[in-house]
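Participant: Quick one: the structure is below, questions incoming.
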Amino acid sequence: MVQKINNTPLSKVSSASVGLVALAGKARLRGQQLSPISRVPCAFWRVIGTYYRQSGKNSSWVGMYAADSKDPIILEDDTGTIPVLPEEADFEFPSNLSFEGYISERGLIIKEPANMDPRVLKFIESLDKDSKEAFLMHKEEKMLVNEYIIQENDPLFVLGSALPADGIPGLETQGILVVRKGTSDSTMYISDSSERTFMKTIAGHMYLQIIGGLALSGICLYLILSMGGN
């Protein structure tokens with residue numbers, strides 16, 4: 001990923017052309033979209049729900065629900081604006097709000113009340129039948145619900161394919177380009193940070209992978225030499 005960013009010069013919106021592009025700017029609102037839990041105006045939202053599963057000595061957070069907004073995100077720099085389609089994108093930004101607790105009372109003799117934030121309970125009630133069932137199946141287990149938001153003026157870095165907006169509802173303007181996941185190049189990353197910060201994040205991940213690989217190679221070499229000595 002670092003290599004791909006290095007090989008893709010940062011473009012201005014006004015000079016973006018068809019193909020893989022890297023753009024940096026600020027997020028702008030499009031319409032009156034609200035985040036589903038905190039109910040604040042946003043350019044993009046994502047909700048991830050997990051529950052705490054414990055089996056013997058093993059425990060982990062297990063995913064049970066995920067949803068995000070589908071409306072285009074508007075990226076603006078000092079030369080103009082361009083829609084960014086978030087579908088199938090990989091995201092790099094922290095959770096804005098995190099809610100932990102139980103959505104239902106529990107206990108056979110001593111009842112413990114539900115302690116999940118009322119905003120989460122209201123959100124669950126608004127869901128369709130199948131999505132609501134995903135939560136209710138684990139109503140007596142500890143849950144962690146995270147809401148991720150890109151708001152107005154948040155820094156935005158995008159790496160994806162600039163393509164004509166032909167056939168996309170609401171973006172019928174002749175000649176307009178959008179940034180989305182392409183077919184010949186499936187790269188699509190969105191980060192609520194500057195290009196420099198994003199590069200540091202990716203580089204950090206790569207550094208850890210390299211260190212881990214060297215450590216594993218060292219262990220393997222040691223075992224080979226030990227076997228040879230015997």
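Every chain in the structure tokens takes a letter, A first, then B, and so on in the order presented; its residues are numbered from 1, and the ligands are numbered from 1 following the presented order.
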Where in stretch 2-217 of chain A does DSSP assign strand (DSSP E or B), given as JSON, numbers by chain?
Facilitator: {"A": [10, 11, 19, 20, 21, 22, 23, 24, 25, 26, 27, 28, 34, 41, 44, 45, 46, 47, 48, 49, 50, 51, 52, 53, 54, 55, 58, 59, 60, 61, 62, 63, 64, 65, 66, 67, 68, 73, 74, 75, 76, 77, 80, 81, 82, 83, 84, 90, 91, 92, 97, 98, 99, 100, 101, 106, 112, 143, 144, 145, 146, 147, 148, 149, 150, 155, 156, 157, 158, 159, 160, 161, 162, 163, 164, 177, 178, 179, 180, 189, 190, 191]}
Participant: Name all residues at most 10 Å from stretch 5-15 of chain A (count only C-alpha atoms; drop same-chain ones fewer than 5 positions away) and give them as a ChimeraX atom specification.
Facilitator: /A:20-25,75-82,157-159,177,195,198-199,202
Participant: If I take atom CA of A:Asn146 and atom CA of A:Arg180, how far is one from the other in Å, to one decimal?
Facilitator: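 Separating atom CA of A:Asn146 from atom CA of A:Arg180 is a distance of 24.7 Å.
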Participant: Point out the residue among A:Ser161, A:Gln151, A:Asn96, A:Thr50 with the least atom-to-atom distance to A:Arg30, counting only C-alpha atoms.
Facilitator: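 Of all the options, A:Gln151 lies closest to A:Arg30.
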Participant: Can you pull out every residue within 7 Å of A:Asn153, counting only C-alpha atoms, but drop anything in the same chain fewer than 6 positions away, and send it as a PDB file with N, CA and C atoms, in the first residue's frame?
Facilitator:
```
ATOM      1  N   LYS A  26     -10.953  18.318   2.391  1.00  0.00           N
ATOM      2  CA  LYS A  26     -11.870  18.293   3.524  1.00  0.00           C
ATOM      3  C   LYS A  26     -13.203  17.704   3.092  1.00  0.00           C
ATOM      4  N   ALA A  27     -13.904  17.113   4.050  1.00  0.00           N
ATOM      5  CA  ALA A  27     -15.222  16.545   3.774  1.00  0.00           C
ATOM      6  C   ALA A  27     -16.271  17.645   3.793  1.00  0.00           C
ATOM      7  N   ARG A  28     -17.202  17.544   2.867  1.00  0.00           N
ATOM      8  CA  ARG A  28     -18.327  18.457   2.816  1.00  0.00           C
ATOM      9  C   ARG A  28     -19.616  17.663   2.898  1.00  0.00           C
TER      10      ARG A  28
END
```
Participant: Considering only C-alpha atoms, return as a list in words whatever protein or nucleic-acid residues lie within 8 Å of A:Ile73, sequence-local ones (same chain, fewer than 3 positions apart) excluded.
Facilitator: Ala27, Arg28, Leu29, Arg30, Ala43, Phe44, Pro83, Val84, Leu85 and Pro86 of chain A
Participant: Could you state the separation of atom CA of A:Cys42 and atom CA of A:Leu136 in Å, given to one decimal place?
Facilitator: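 Computing it gives 27.7 Å between the two atoms.
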Participant: Quick one: of A:Gln54, A:Ser95, A:Ser17, A:Ser69, who's nearest to A:Ser35, counting only C-alpha atoms?
Facilitator: A:Ser69
Participant: Using only C-alpha atoms, determine which residues lie at most 8 Å from A:Glu88, disregarding the query and same-chain residues fewer than 2 positions distant; provide the list as a ChimeraX atom specification.
Facilitator: /A:86,90,181,188
